[in-house]
Structure formats: C-alpha cells, structure tokens
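Asker: You'll find run-v6.csv just under this line, and it carries CSV, C-alpha atoms (C1' of nucleotides).
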chain,number,residue,atom,x,y,z
Y,26,MET,CA,-63.7,236.5,182.7
Y,27,PRO,CA,-63.7,238.0,179.3
Y,28,ARG,CA,-60.5,238.0,177.2
Y,29,ALA,CA,-58.8,241.2,178.0
Y,30,THR,CA,-58.6,243.7,175.2
Y,31,GLY,CA,-56.1,246.4,174.5
Y,32,THR,CA,-52.4,246.5,173.7
Y,33,LYS,CA,-51.3,243.5,175.7
Y,34,ARG,CA,-54.1,241.3,174.1
Y,35,ALA,CA,-53.1,242.5,170.6
Y,36,ILE,CA,-49.5,241.6,171.3
Y,37,LEU,CA,-50.2,238.2,172.6
Y,38,ASP,CA,-52.5,237.4,169.6
Y,39,ALA,CA,-50.0,238.6,167.1
Y,40,THR,CA,-47.2,236.6,168.8
Y,41,LEU,CA,-49.2,233.4,168.7
Y,42,GLU,CA,-50.1,233.7,165.0
Y,43,LEU,CA,-46.6,234.5,164.0
Y,44,ALA,CA,-45.0,231.8,166.2
Y,45,ALA,CA,-47.3,229.1,164.9
Y,46,THR,CA,-45.8,229.3,161.4
Y,47,LYS,CA,-42.3,230.8,162.0
Y,48,GLY,CA,-41.5,229.2,165.3
Y,49,ILE,CA,-40.6,231.1,168.5
Y,50,THR,CA,-36.9,231.7,167.7
Y,51,GLY,CA,-37.9,232.6,164.1
Y,52,THR,CA,-40.4,235.2,165.2
Y,53,THR,CA,-38.8,238.7,165.7
Y,54,MET,CA,-40.0,241.4,167.9
Y,55,ASP,CA,-40.2,243.7,164.9
Y,56,GLU,CA,-42.7,241.4,163.2
Y,57,VAL,CA,-44.8,241.1,166.4
Y,58,ALA,CA,-45.0,244.9,166.8
Y,59,GLU,CA,-46.0,245.3,163.1
Y,60,ARG,CA,-48.7,242.7,163.2
Y,61,ALA,CA,-50.0,243.9,166.6
Y,62,GLY,CA,-50.2,247.4,165.2
Y,63,VAL,CA,-48.0,248.9,168.0
Y,64,ALA,CA,-44.5,250.2,168.2
Y,65,LYS,CA,-41.7,248.0,169.4
Y,66,GLY,CA,-41.2,250.1,172.5
Y,67,SER,CA,-44.7,249.1,173.6
Y,68,LEU,CA,-43.7,245.4,173.5
Y,69,TYR,CA,-41.0,246.1,176.0
Y,70,TYR,CA,-43.3,248.2,178.1
Y,71,ASN,CA,-45.8,245.3,178.4
Y,72,PHE,CA,-43.3,242.4,178.6
Y,73,ALA,CA,-39.9,242.4,180.2
Y,74,SER,CA,-38.3,240.5,177.3
Y,75,LYS,CA,-39.0,238.3,174.3
Y,76,ASP,CA,-38.6,235.2,176.6
Y,77,ARG,CA,-41.1,236.6,179.1
Y,78,LEU,CA,-43.6,237.4,176.3
Y,79,PHE,CA,-43.5,233.8,175.1
Y,80,GLU,CA,-43.7,232.4,178.6
Y,81,GLU,CA,-46.9,234.3,179.3
Y,82,LEU,CA,-48.3,233.2,175.9
Y,83,LEU,CA,-47.7,229.6,176.7
Y,84,GLN,CA,-48.9,229.9,180.2
Y,85,GLU,CA,-52.2,231.4,179.0
Y,86,GLY,CA,-52.7,229.0,176.2
Y,87,VAL,CA,-51.7,225.7,177.8
Y,88,GLY,CA,-53.4,226.7,181.1
Y,89,ALA,CA,-56.7,227.3,179.2
Y,90,LEU,CA,-56.3,223.9,177.5
Y,91,ALA,CA,-55.9,222.2,180.9
Y,92,ASP,CA,-59.0,223.9,182.2
Y,93,THR,CA,-61.0,222.8,179.1
Y,94,LEU,CA,-59.9,219.2,179.7
Y,95,ARG,CA,-60.9,219.3,183.4
Y,96,GLU,CA,-64.3,220.7,182.5
Y,97,ALA,CA,-64.8,218.1,179.8
Y,98,ARG,CA,-64.2,215.3,182.3
Y,99,ALA,CA,-66.3,216.8,185.1
Y,100,GLY,CA,-69.1,214.5,186.1
Y,101,LEU,CA,-68.1,211.7,183.8
Y,102,HIS,CA,-66.6,208.3,184.6
Y,103,GLY,CA,-65.0,205.4,183.0
Y,104,ARG,CA,-64.8,205.1,179.2
Y,105,ALA,CA,-67.2,208.0,178.7
Y,106,ALA,CA,-64.9,210.3,180.5
Y,107,LEU,CA,-61.9,209.2,178.4
Y,108,GLU,CA,-63.9,209.6,175.2
Y,109,ALA,CA,-65.1,213.0,176.2
Y,110,LEU,CA,-61.4,214.0,176.9
Y,111,ILE,CA,-60.3,212.9,173.5
Y,112,ARG,CA,-63.1,214.8,171.8
Y,113,ALA,CA,-62.4,217.9,173.9
Y,114,LEU,CA,-58.7,217.8,173.1
Y,115,LEU,CA,-59.4,217.5,169.4
Y,116,ASP,CA,-61.9,220.4,169.6
Y,117,GLY,CA,-59.3,222.5,171.5
Y,118,ILE,CA,-56.7,221.8,168.8
Y,119,ALA,CA,-59.2,222.7,166.1
Y,120,SER,CA,-60.2,226.0,167.7
Y,121,ASN,CA,-56.6,227.0,168.6
Y,122,THR,CA,-54.5,225.3,166.0
Y,123,ALA,CA,-51.7,227.9,166.4
Y,124,LEU,CA,-51.3,226.9,170.0
Y,125,ALA,CA,-51.3,223.2,169.2
Y,126,LYS,CA,-48.5,223.7,166.6
Y,127,LEU,CA,-46.5,225.6,169.2
Y,128,MET,CA,-47.0,222.9,171.7
Y,129,ALA,CA,-45.8,220.2,169.3
Y,130,ALA,CA,-42.7,222.2,168.5
Y,131,GLU,CA,-41.9,223.2,172.1
Y,132,ILE,CA,-43.0,220.3,174.3
Y,133,PHE,CA,-39.6,218.5,174.3
Y,134,ARG,CA,-37.3,221.5,174.3
Y,135,THR,CA,-35.3,221.6,177.4
Y,136,ASP,CA,-33.2,224.7,176.9
Y,137,ARG,CA,-35.8,227.4,177.3
Y,138,THR,CA,-35.9,229.9,180.1
Y,139,TRP,CA,-39.6,229.0,180.6
Y,140,GLN,CA,-38.9,225.2,180.8
Y,141,LYS,CA,-40.2,224.8,184.3
Y,142,THR,CA,-43.4,226.7,183.5
Y,143,LEU,CA,-44.2,224.6,180.4
Y,144,PHE,CA,-43.3,221.4,182.2
Y,145,ALA,CA,-45.8,222.1,184.9
Y,146,LEU,CA,-48.5,223.0,182.5
Y,147,ARG,CA,-47.9,219.9,180.3
Y,148,HIS,CA,-48.0,217.8,183.5
Y,149,GLU,CA,-51.3,219.4,184.4
Y,150,ALA,CA,-52.9,218.5,181.1
Y,151,LEU,CA,-51.5,215.0,181.0
Y,152,THR,CA,-52.6,214.3,184.5
Y,153,VAL,CA,-56.3,214.8,183.5
Y,154,PHE,CA,-55.8,212.0,181.0
Y,155,ALA,CA,-53.9,209.8,183.3
Y,156,GLU,CA,-56.6,210.1,186.0
Y,157,ALA,CA,-59.3,209.1,183.5
Y,158,ILE,CA,-57.1,206.1,182.3
Y,159,ALA,CA,-56.4,205.0,185.9
Y,160,GLU,CA,-60.1,204.9,186.4
Y,161,VAL,CA,-60.6,202.6,183.4
Y,162,GLU,CA,-57.5,200.4,184.2
Y,163,PRO,CA,-57.0,200.6,187.9
Y,164,GLY,CA,-53.9,198.4,187.8
Y,165,SER,CA,-52.1,201.1,185.8
Y,166,ARG,CA,-52.0,203.5,188.6
Y,167,ARG,CA,-49.7,201.5,190.8
Y,168,ASP,CA,-46.7,201.2,188.3
Y,169,GLY,CA,-47.3,204.6,186.7
Y,170,THR,CA,-48.3,203.0,183.4
Y,171,CYS,CA,-51.3,205.3,183.2
Y,172,GLY,CA,-48.9,208.3,182.7
Y,173,LEU,CA,-47.4,206.5,179.7
Y,174,MET,CA,-50.8,205.7,178.3
Y,175,ALA,CA,-51.8,209.3,178.8
Y,176,SER,CA,-48.9,210.4,176.6
Y,177,SER,CA,-49.9,207.8,174.1
Y,178,VAL,CA,-53.5,209.1,173.9
Y,179,PHE,CA,-52.4,212.7,174.0
Y,180,GLY,CA,-49.9,212.1,171.2
Y,181,ALA,CA,-52.4,210.3,169.1
Y,182,VAL,CA,-54.9,213.1,169.3
Y,183,LEU,CA,-52.3,215.9,168.9
Y,184,LEU,CA,-50.6,214.4,165.8
Y,185,SER,CA,-53.7,213.3,164.0
Y,186,GLY,CA,-55.5,216.5,164.8
Y,187,LEU,CA,-52.6,218.6,163.4
Y,188,GLU,CA,-52.3,216.2,160.4
Y,189,TRP,CA,-56.0,216.9,159.7
Y,190,LEU,CA,-55.8,220.7,160.2
Y,191,VAL,CA,-52.5,221.3,158.5
Y,192,PHE,CA,-52.4,218.8,155.7
Y,193,ASP,CA,-56.0,217.7,155.1
Y,194,PRO,CA,-58.4,220.4,156.3
Y,195,GLU,CA,-61.3,219.5,154.0
Y,196,ARG,CA,-62.0,216.4,156.1
Y,197,HIS,CA,-64.8,216.7,158.6
Y,198,ARG,CA,-64.1,216.8,162.3
Y,199,ASP,CA,-66.3,213.9,163.1
Y,200,GLU,CA,-64.4,211.7,160.7
Y,201,VAL,CA,-61.2,212.5,162.5
Y,202,ALA,CA,-62.6,211.9,165.9
Y,203,ALA,CA,-64.1,208.6,164.8
Y,204,ALA,CA,-60.7,207.5,163.4
Y,205,ILE,CA,-58.9,208.3,166.6
Y,206,LEU,CA,-61.5,206.6,168.8
Y,207,ASP,CA,-61.5,203.7,166.4
Y,208,SER,CA,-57.7,203.2,166.8
Y,209,PHE,CA,-58.1,202.9,170.5
Y,210,SER,CA,-61.1,200.6,170.4
Y,211,GLY,CA,-59.1,197.4,169.9
Y,212,GLY,CA,-59.7,197.0,166.2
Y,213,LEU,CA,-56.0,197.4,165.4
Y,214,LEU,CA,-54.4,195.3,168.0
Y,215,GLY,CA,-57.1,193.9,170.4
Y,216,ASP,CA,-58.2,190.4,170.7
H,27,MET,CA,-23.1,200.9,153.4
H,28,PRO,CA,-21.1,202.1,156.4
H,29,ARG,CA,-21.7,205.6,157.7
H,30,ALA,CA,-19.3,207.8,155.8
H,31,THR,CA,-16.6,209.4,157.9
H,32,GLY,CA,-14.7,212.6,157.4
H,33,THR,CA,-15.7,216.2,157.5
H,34,LYS,CA,-19.1,216.0,156.1
H,35,ARG,CA,-20.1,213.2,158.6
H,36,ALA,CA,-18.7,215.3,161.5
H,37,ILE,CA,-20.7,218.3,160.5
H,38,LEU,CA,-23.9,216.4,160.1
H,39,ASP,CA,-23.4,214.7,163.5
H,40,ALA,CA,-22.7,218.0,165.3
H,41,THR,CA,-25.7,219.6,163.6
H,42,LEU,CA,-28.1,217.0,164.8
H,43,GLU,CA,-26.9,217.0,168.4
H,44,LEU,CA,-27.1,220.8,168.6
H,45,ALA,CA,-30.4,221.1,166.8
H,46,ALA,CA,-32.0,218.5,169.1
H,47,THR,CA,-31.7,220.8,172.1
H,48,LYS,CA,-31.5,224.3,170.6
H,49,GLY,CA,-33.8,223.8,167.6
H,50,ILE,CA,-32.9,224.5,164.0
H,51,THR,CA,-33.3,228.3,164.0
H,52,GLY,CA,-31.5,228.5,167.4
H,53,THR,CA,-28.5,226.6,166.2
H,54,THR,CA,-25.8,228.8,164.7
H,55,MET,CA,-23.2,227.9,162.1
H,56,ASP,CA,-20.5,229.0,164.4
H,57,GLU,CA,-21.6,226.5,167.0
H,58,VAL,CA,-21.8,223.7,164.4
H,59,ALA,CA,-18.3,224.4,163.3
H,60,GLU,CA,-16.9,224.5,166.8
H,61,ARG,CA,-18.6,221.2,167.8
H,62,ALA,CA,-17.7,219.5,164.6
H,63,GLY,CA,-14.1,220.6,165.1
H,64,VAL,CA,-13.8,222.4,161.8
H,65,ALA,CA,-13.7,226.0,160.6
H,66,LYS,CA,-16.8,227.8,159.4
H,67,GLY,CA,-15.5,228.0,155.9
H,68,SER,CA,-15.6,224.2,155.7
H,69,LEU,CA,-19.3,224.2,156.5
H,70,TYR,CA,-19.9,226.3,153.4
H,71,TYR,CA,-17.6,224.2,151.3
H,72,ASN,CA,-19.6,221.1,152.1
H,73,PHE,CA,-23.1,222.6,152.2
H,74,ALA,CA,-24.4,225.4,150.1
H,75,SER,CA,-26.2,227.1,153.0
H,76,LYS,CA,-27.6,226.5,156.5
H,77,ASP,CA,-30.9,225.6,155.0
H,78,ARG,CA,-29.3,223.0,152.7
H,79,LEU,CA,-27.3,221.5,155.6
H,80,PHE,CA,-30.5,220.9,157.6
H,81,GLU,CA,-32.3,219.6,154.5
H,82,GLU,CA,-29.7,217.0,154.0
H,83,LEU,CA,-29.7,216.1,157.7
H,84,LEU,CA,-33.5,215.6,157.7
H,85,GLN,CA,-33.3,213.7,154.4
H,86,GLU,CA,-30.7,211.3,155.8
H,87,GLY,CA,-32.4,210.8,159.2
H,88,VAL,CA,-36.1,210.5,158.2
H,89,GLY,CA,-35.1,208.5,155.1
H,90,ALA,CA,-33.3,206.0,157.3
H,91,LEU,CA,-36.3,205.8,159.7
H,92,ALA,CA,-38.6,205.0,156.8
H,93,ASP,CA,-36.3,202.2,155.6
H,94,THR,CA,-36.2,200.8,159.2
H,95,LEU,CA,-40.0,200.7,159.2
H,96,ARG,CA,-40.2,199.0,155.9
H,97,GLU,CA,-37.8,196.4,157.0
H,98,ALA,CA,-39.6,195.8,160.2
H,99,ARG,CA,-42.8,195.1,158.4
H,100,ALA,CA,-41.3,192.9,155.7
H,101,GLY,CA,-42.8,189.4,155.7
H,102,LEU,CA,-45.3,190.1,158.4
H,103,HIS,CA,-49.0,190.5,158.1
H,104,GLY,CA,-52.0,191.6,160.1
H,105,ARG,CA,-51.7,192.6,163.7
H,106,ALA,CA,-48.2,191.1,163.9
H,107,ALA,CA,-47.0,193.6,161.3
H,108,LEU,CA,-48.5,196.6,163.1
H,109,GLU,CA,-47.1,195.5,166.4
H,110,ALA,CA,-43.7,195.1,164.8
H,111,LEU,CA,-43.9,198.6,163.3
H,112,ILE,CA,-44.8,200.1,166.7
H,113,ARG,CA,-41.8,198.4,168.3
H,114,ALA,CA,-39.5,199.3,165.5
H,115,LEU,CA,-40.5,203.0,165.7
H,116,LEU,CA,-40.0,203.1,169.4
H,117,ASP,CA,-36.6,201.5,169.0
H,118,GLY,CA,-35.8,204.0,166.3
H,119,ILE,CA,-36.7,206.9,168.6
H,120,ALA,CA,-34.6,205.4,171.4
H,121,SER,CA,-31.6,204.9,169.2
H,122,ASN,CA,-31.8,208.4,167.6
H,123,THR,CA,-33.6,210.5,170.1
H,124,ALA,CA,-32.1,213.7,168.7
H,125,LEU,CA,-33.8,213.0,165.3
H,126,ALA,CA,-37.1,212.2,167.0
H,127,LYS,CA,-37.0,215.6,168.9
H,128,LEU,CA,-36.2,217.3,165.6
H,129,MET,CA,-39.1,215.6,163.9
H,130,ALA,CA,-41.6,216.5,166.6
H,131,ALA,CA,-40.5,220.1,166.4
H,132,GLU,CA,-40.4,220.4,162.6
H,133,ILE,CA,-43.2,218.1,161.3
H,134,PHE,CA,-45.9,220.8,161.2
H,135,ARG,CA,-43.8,223.7,160.1
H,136,THR,CA,-44.9,224.9,156.7
H,137,ASP,CA,-42.5,227.8,156.2
H,138,ARG,CA,-39.2,226.0,155.7
H,139,THR,CA,-37.3,225.9,152.4
H,140,TRP,CA,-37.1,222.1,152.7
H,141,GLN,CA,-40.9,221.7,153.3
H,142,LYS,CA,-41.5,219.6,150.2
H,143,THR,CA,-38.6,217.2,151.1
H,144,LEU,CA,-39.8,216.7,154.7
H,145,PHE,CA,-43.4,216.3,153.6
H,146,ALA,CA,-42.4,213.5,151.2
H,147,LEU,CA,-40.4,211.7,153.8
H,148,ARG,CA,-43.1,212.0,156.4
H,149,HIS,CA,-45.6,210.6,153.9
H,150,GLU,CA,-43.3,207.7,153.2
H,151,ALA,CA,-43.0,206.8,156.9
H,152,LEU,CA,-46.7,207.2,157.6
H,153,THR,CA,-47.6,205.2,154.5
H,154,VAL,CA,-45.9,202.1,156.0
H,155,PHE,CA,-48.2,202.4,159.0
H,156,ALA,CA,-51.2,203.1,156.9
H,157,GLU,CA,-50.6,200.0,154.7
H,158,ALA,CA,-50.4,197.8,157.7
H,159,ILE,CA,-53.5,199.3,159.2
H,160,ALA,CA,-55.4,198.9,155.9
H,161,GLU,CA,-54.5,195.3,156.0
H,162,VAL,CA,-56.0,194.9,159.5
H,163,GLU,CA,-59.1,197.0,158.8
H,164,PRO,CA,-59.7,196.8,155.0
H,165,GLY,CA,-62.7,199.1,155.1
H,166,SER,CA,-60.4,202.0,156.2
H,167,ARG,CA,-58.6,202.0,152.9
H,168,ARG,CA,-61.6,203.2,150.9
H,169,ASP,CA,-62.3,206.4,152.8
H,170,GLY,CA,-58.7,207.2,153.7
H,171,THR,CA,-59.3,206.6,157.4
H,172,CYS,CA,-56.2,204.4,157.5
H,173,GLY,CA,-54.1,207.5,157.0
H,174,LEU,CA,-55.7,209.2,160.0
H,175,MET,CA,-55.2,206.1,162.1
H,176,ALA,CA,-51.6,205.9,161.0
H,177,SER,CA,-51.1,209.4,162.3
H,178,SER,CA,-52.8,208.4,165.5
H,179,VAL,CA,-50.5,205.4,166.1
H,180,PHE,CA,-47.4,207.3,164.9
H,181,GLY,CA,-48.2,210.2,167.3
H,182,ALA,CA,-48.8,207.9,170.2
H,183,VAL,CA,-45.5,206.2,169.8
H,184,LEU,CA,-43.6,209.4,169.1
H,185,LEU,CA,-45.0,211.3,172.1
H,186,SER,CA,-44.8,208.5,174.6
H,187,GLY,CA,-41.4,207.6,173.3
H,188,LEU,CA,-40.0,211.1,173.8
H,189,GLU,CA,-41.9,211.4,177.1
H,190,TRP,CA,-40.0,208.4,178.2
H,191,LEU,CA,-36.6,209.4,176.9
H,192,VAL,CA,-36.7,213.0,177.8
H,193,PHE,CA,-38.6,213.1,181.1
H,194,ASP,CA,-38.5,209.6,182.5
H,195,PRO,CA,-35.4,207.8,181.2
H,196,GLU,CA,-35.0,205.3,184.0
H,197,ARG,CA,-38.0,203.4,182.9
H,198,HIS,CA,-37.4,200.2,180.9
H,199,ARG,CA,-38.0,200.1,177.2
H,200,ASP,CA,-40.3,197.1,177.4
H,201,GLU,CA,-42.5,198.8,179.9
H,202,VAL,CA,-43.0,201.7,177.5
H,203,ALA,CA,-43.7,199.4,174.6
H,204,ALA,CA,-46.2,197.4,176.6
H,205,ALA,CA,-48.1,200.6,177.7
H,206,ILE,CA,-48.4,201.7,174.1
H,207,LEU,CA,-49.5,198.4,172.8
H,208,ASP,CA,-51.9,198.2,175.7
H,209,SER,CA,-53.5,201.5,174.9
H,210,PHE,CA,-54.3,200.3,171.4
H,211,SER,CA,-55.6,196.9,172.5
H,212,GLY,CA,-59.1,198.0,173.4
H,213,GLY,CA,-58.7,198.2,177.2
H,214,LEU,CA,-59.2,201.9,177.2
H,215,LEU,CA,-62.2,202.3,174.9
H,216,GLY,CA,-63.0,198.9,173.4
H,217,ASP,CA,-66.2,197.0,173.5
W,22,DG,C1',-48.6,254.2,178.0
W,23,DT,C1',-46.9,254.6,173.4
W,24,DC,C1',-43.9,256.4,170.2
W,25,DT,C1',-39.1,257.2,167.3
W,26,DA,C1',-34.3,256.6,167.2
W,27,DT,C1',-30.4,254.3,168.3
W,28,DA,C1',-26.9,251.3,170.7
W,29,DT,C1',-24.9,246.8,170.5
W,30,DC,C1',-24.2,242.4,169.3
W,31,DC,C1',-24.4,238.4,166.5
W,32,DA,C1',-26.1,235.8,162.6
W,33,DG,C1',-25.2,233.8,157.8
W,34,DA,C1',-22.3,234.1,154.1
W,35,DT,C1',-17.9,235.1,151.3
W,36,DA,C1',-12.9,236.1,149.9
W,37,DG,C1',-8.7,234.6,149.4
W,38,DA,C1',-4.4,232.5,151.6
W,39,DC,C1',-2.4,228.0,152.3
G,14,DG,C1',-10.2,220.9,151.1
G,15,DT,C1',-9.6,223.6,155.1
G,16,DC,C1',-8.4,227.7,157.2
G,17,DT,C1',-8.7,233.0,159.0
G,18,DA,C1',-10.5,237.4,158.4
G,19,DT,C1',-14.2,240.1,157.1
G,20,DC,C1',-18.6,242.0,155.1
G,21,DT,C1',-23.4,243.1,155.9
G,22,DG,C1',-27.9,242.7,157.5
G,23,DG,C1',-30.9,242.0,161.2
G,24,DA,C1',-31.7,240.8,166.0
G,25,DT,C1',-32.8,242.2,171.0
G,26,DA,C1',-33.1,245.7,173.9
G,27,DT,C1',-32.8,250.7,175.7
G,28,DA,C1',-33.2,256.0,176.0
G,29,DG,C1',-35.9,259.6,176.0
G,30,DA,C1',-39.5,262.6,173.7
G,31,DC,C1',-44.5,263.2,173.8
Represent the structure from my file as structure tokens, please.
Answerer:
Amino acid sequence: MPRATGTKRAILDATLELAATKGITGTTMDEVAERAGVAKGSLYYNFASKDRLFEELLQEGVGALADTLREARAGLHGRAALEALIRALLDGIASNTALAKLMAAEIFRTDRTWQKTLFALRHEALTVFAEAIAEVEPGSRRDGTCGLMASSVFGAVLLSGLEWLVFDPERHRDEVAAAILDSFSGGLLGD
Amino acid sequence: MPRATGTKRAILDATLELAATKGITGTTMDEVAERAGVAKGSLYYNFASKDRLFEELLQEGVGALADTLREARAGLHGRAALEALIRALLDGIASNTALAKLMAAEIFRTDRTWQKTLFALRHEALTVFAEAIAEVEPGSRRDGTCGLMASSVFGAVLLSGLEWLVFDPERHRDEVAAAILDSFSGGLLGD
DNA sequence: GTCTATATCCAGATAGAC
DNA sequence: GTCTATCTGGATATAGAC
C-alpha cells in the first residue's frame, strides 16, 4: 500500500513536522494550513477537529512503528530477536525522528482525547519487546517483569536515539547501536 | 535549606502539578493562579512572564535532581556507584513524578526560550551517569561512548519508572528497580 | 473539495487601586 | 505585595461562495 498522496497526506506531513518542534498544543491550525499549502477550511473538511487530526497522525505513525517491529522480529528467536528489535527501533527513530520526538512528549500524557488510542498503540509496540524478552528470560513472563524490562529497553533506545539525532547528529548510526547493545550486554552491571 | 514558603512557593507548586498533566503550553496562567490561590496579578509580580515561570520551575527541579544524583554517587566506585545512581534516579522519579513527566515531555524540545538552561541541566545530570560509566568501562571515555550509554541508562530508568508510576502504580518499587538492574546485567544480551 | 471571511472565545500581559 | 478590571492578539471552528 503506497502512501496516499493528495490533500490529506500533505496535511498529515505538515502536522507531523510542525508538532515535532512546537509540540501538539503549540502547533496551530493556521500554521498547518500554511505549511501544507492548503486553506484552513480544507483542514476541517478532511479532519473533524484539531484533536482528531492529531489522533489520526499518531495512529498512523505509531501503528507503522509497531508493524516495523513485528517484521523485524519475524523468524528470529532468543537474543538475536531482541538485538534485531533494538536495531529496528533505532532505525525507525532515525528515519522518522519527528514521530519519535512526538512519542517522547506524548507517551505519558493522560489528559488527551486520544488517550485510549495512544495507550493501545504503545502497548502494541511494547508487547513485541516483552515477548522477545520473555523468550530470553522465561521466568519474567510469570510475574510480568518482562513488561518492565521492555520499557527499560524501549526507553534506552528512544532516549539515546533522540540524544544522538537531536544533540549529536554527526555521530554514526552504528556507533549508537553499538553503545546501546553494549549497555545491555552486562559490561556495566553484569558479573 | 528548607523549601521556601509563601506566594512564590505556592505558584511554583501549582505550576508543576498542572504542567505534569496538561503540559506547559496547555497550562494557562489563570489556572495556575486559581490552583495556587492567588490572583493573576501576583503571578506577574513574582515572575516576569509565563516563560520565565517555567524556566525557574525547571531550573529548580532538574537542578535538585542533579544534586541528588551527585550525592548518591559520592564515595562509591565502579558498579556499586552505577547501581546507586540507578536506584537514586528511580527514587527521584517516584518522589517527584510530576517533574519526571515534565522532563520526558520537554527534554527534546528545541524551540523553548529556556532551551539553553534546560540543556545545561540535562547535561549536568547525564554527566554524573557518564562519569560512573567511564569508571566501569574506561575505554568508553575516549570516544565519548560513555555519554551515549549514559543516555541509554537514563532513558531506561526514566521510561520504566514512569511506566510504573503512571500505568502500573500497584507494583512495588523494589520490583521495578530489580527489573531495570536485571536488564543491564547481561541476561538479555550478554555473552 | 477547496477557498475566503468571519464568529467566538480565551490566552498572556498590564494598569492602577488598596 | 496582592488584588480587580481590562487591553489586545491569536486560537479553534464555521458559513457559505465557487
């Protein structure tokens, strides 16, 4: 399925770029219209409200990320699967940094009208990690610890990925991936 | 130094609580005044502008966090120091969840008037981790990898800490700390 | 399906009494 | 030092022409 073109696509793209730097509340419908090259009336023809526009944007973006993670894990098992997930998430953050920034800013907000939607998507993405972790450490499935460790790994990749892309972009991707993998390989705290 | 009381203190407290759920841009000066129990005019007597109010809030909060981390590391070395830092950060997040949410939402914003201030404070906190990591893995100091690993550890604690406090608060603190430490102990990817 | 023009409300900030 | 009252710009959303 090719990315749809046309007005709706242009609006979503403009919205994402603006929201990544100005935040959702700080992005105005006037700015979105201007950057998308359409009139404000067209925004409200294509989306019922500002809230609905952002809900669709997050749904599309985080949904695609979850798909990417599932594909990255497909066919792999054990530590190879987890390593592939970490690399895939880092790549996803690099190729859609705007979405990653938005996720970091929105993931713990509980007052949004789209809260349920985002919660479900977040859960979907984290579950891919949790499943892979449960396979490596079977004991963690029983007490739900694999979910916590999934957050831990996800948070490590998200924050170091954004640290790299936002504040230290000259660094090479492989260096960043190596540092993340290194930090989970037991050199820091392991025996 | 006891926390100052009085109007300024009440305003800062009200601001933090509101911003943790509604975000900075979504928090209005009228709401701050109402929750603090003062008139809007008093806000502008005590702070030059909304931006300055939030800058002082972040300065106070993140500055205190950096102090806490430095104290936690004092006198310790090697893996014991890093483990103490992880526990101290998790405790800090638990005892000031509002600030942690605010940090997660603001840390990668680059359009704020207080950008330089927040960048410096973030750097201060991360450096404490980076120093401890460089002590454990001396080779990482040369190429700056310790900075990346510091982000990795910091991100792991921040996200799993907030995951716990926001979405799964019945869980016990020690369980969360154990899961984080476990994820860095080599069980997931180690040899 | 997209535009322009406008209605309506609410935000940050200030003036000046007490 | 804190209050009330108010100014002014800008925000979401809608109406209706094309």
Asker: Using only C-alpha atoms (C1' of nucleotides), which protein or nucleic acid residues come within 12 Å of G:DT21? Drop anything in the same chain fewer than 2 positions from it, and give the result as a list in words.
Answerer: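 What passes the distance filter is DC31, DA32, DG33, DA34 and DT35 of chain W; DT19 and DG23 of chain G.
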Asker: Which residue out of Y:Thr152, Y:Thr135, Y:Ser120, Y:Thr30 has the minimum interatomic distance to chain H when all atoms listed in the file are used?
Answerer: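 The shortest atom-to-atom distance to chain H comes from Y:Thr135.
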Asker: What's the 12 Å shell around H:Thr54, counting only C-alpha atoms (C1' of nucleotides), without same-chain residues fewer than 2 positions away, as number ranges by chain?
Answerer: Y: 50; H: 40-41, 44-45, 48-52, 56-61, 66, 69, 75-77, 79-80; W: 31-33
Asker: Output as a tab-separated table one row per residue of chain G within 12 Å of chain H: the closest atom pair and its distance in Å to one decimal place, counting all atoms listed in the file, sorted by chain and residue number ascending.
Answerer:
residue	atom	partner	partner_atom	distance
G:DG14	C1'	H:Ser68	CA	7.8
G:DT15	C1'	H:Ser68	CA	6.1
G:DC16	C1'	H:Ala65	CA	6.5
G:DT17	C1'	H:Ala65	CA	8.7
G:DA18	C1'	H:Gly67	CA	10.9
Asker: Quick one: everything within 12 Å of Y:Ala97, counting all atoms listed in the file, minus sequence neighbours fewer than 4 positions away in the same chain. Send it as a compact mmCIF listing (two decimals) with C-alpha atoms, in the frame of the given file.
Answerer:
# COMPACT_ATOMS: atom_id res chain seq x y z
CA LEU Y 90 -56.30 223.90 177.50
CA ALA Y 91 -55.90 222.20 180.90
CA ASP Y 92 -59.00 223.90 182.20
CA THR Y 93 -61.00 222.80 179.10
CA LEU Y 101 -68.10 211.70 183.80
CA HIS Y 102 -66.60 208.30 184.60
CA ALA Y 105 -67.20 208.00 178.70
CA ALA Y 106 -64.90 210.30 180.50
CA LEU Y 107 -61.90 209.20 178.40
CA GLU Y 108 -63.90 209.60 175.20
CA ALA Y 109 -65.10 213.00 176.20
CA LEU Y 110 -61.40 214.00 176.90
CA ILE Y 111 -60.30 212.90 173.50
CA ARG Y 112 -63.10 214.80 171.80
CA ALA Y 113 -62.40 217.90 173.90
CA LEU Y 114 -58.70 217.80 173.10
CA LEU Y 115 -59.40 217.50 169.40
CA ASP Y 116 -61.90 220.40 169.60
CA GLY Y 117 -59.30 222.50 171.50
CA ALA Y 150 -52.90 218.50 181.10
CA VAL Y 153 -56.30 214.80 183.50
CA PHE Y 154 -55.80 212.00 181.00
CA ALA Y 157 -59.30 209.10 183.50
Asker: Listing only residues of chain H within 6 Å of chain Y, what is the closest atom pair and its distance in Å (to one decimal) for each, using all atoms listed in the file, sorted by chain and residue number ascending, as a Markdown table?
Answerer:
| residue | atom | partner | partner_atom | distance |
| --- | --- | --- | --- | --- |
| H:Arg105 | CA | Y:Leu214 | CA | 5.8 |
| H:Ala131 | CA | Y:Ala130 | CA | 3.7 |
| H:Met175 | CA | Y:Ala204 | CA | 5.8 |
| H:Ser177 | CA | Y:Ser185 | CA | 5.0 |
| H:Ser178 | CA | Y:Ala181 | CA | 4.1 |
| H:Gly181 | CA | Y:Ala181 | CA | 4.6 |
| H:Ala182 | CA | Y:Ser177 | CA | 4.1 |
| H:Leu185 | CA | Y:Gly180 | CA | 5.0 |
| H:Ser186 | CA | Y:Ser176 | CA | 4.9 |
| H:Ala205 | CA | Y:Met174 | CA | 5.8 |
| H:Phe210 | CA | Y:Phe209 | CA | 4.7 |
| H:Ser211 | CA | Y:Gly215 | CA | 4.0 |
| H:Gly212 | CA | Y:Gly211 | CA | 3.6 |
| H:Leu215 | CA | Y:Ser210 | CA | 4.9 |
| H:Gly216 | CA | Y:Ser210 | CA | 3.9 |
Asker: To one decimal place in Å, what is the distance between atom CA of H:Glu97 and atom CA of H:Gln85?
Answerer: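 The value is 18.1 Å.
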Asker: Report the distance between atom CA of Y:Trp139 and atom CA of Y:Glu80 in Å, rounded to one decimal place.
Answerer: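 Computing it gives 5.7 Å between the two atoms.
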Asker: Between atom CA of H:Leu144 and atom CA of H:Leu84, what is the spacing in Å?
Answerer: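 According to the coordinates, atom CA of H:Leu84 and atom CA of H:Leu144 are separated by 7.1 Å.
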Asker: Which residue, Y:Leu146, Y:Leu82, Y:Ala89, Y:Ala73, has the smallest gap to G:DT25 when you use all atoms listed in the file?
Answerer: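 Under the stated criterion, the closest residue is Y:Ala73.
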Asker: Select all residues from chain W having any atom no more than 8 Å from an atom of chain Y (counting all atoms listed in the file, ignoring ligands), output as a ChimeraX atom specification.
Answerer: /W:22-24
Asker: Return the padded bounding box of stretch 116-120 of chain Y as AutoDock Vina command-line options: axis-aligned, built from all atoms listed in the file, 5 Å added on each side, with centre and edge lengths in Å to one decimal.
Answerer:
--center_x -59.3 --center_y 223.2 --center_z 168.8 --size_x 15.2 --size_y 15.6 --size_z 15.4
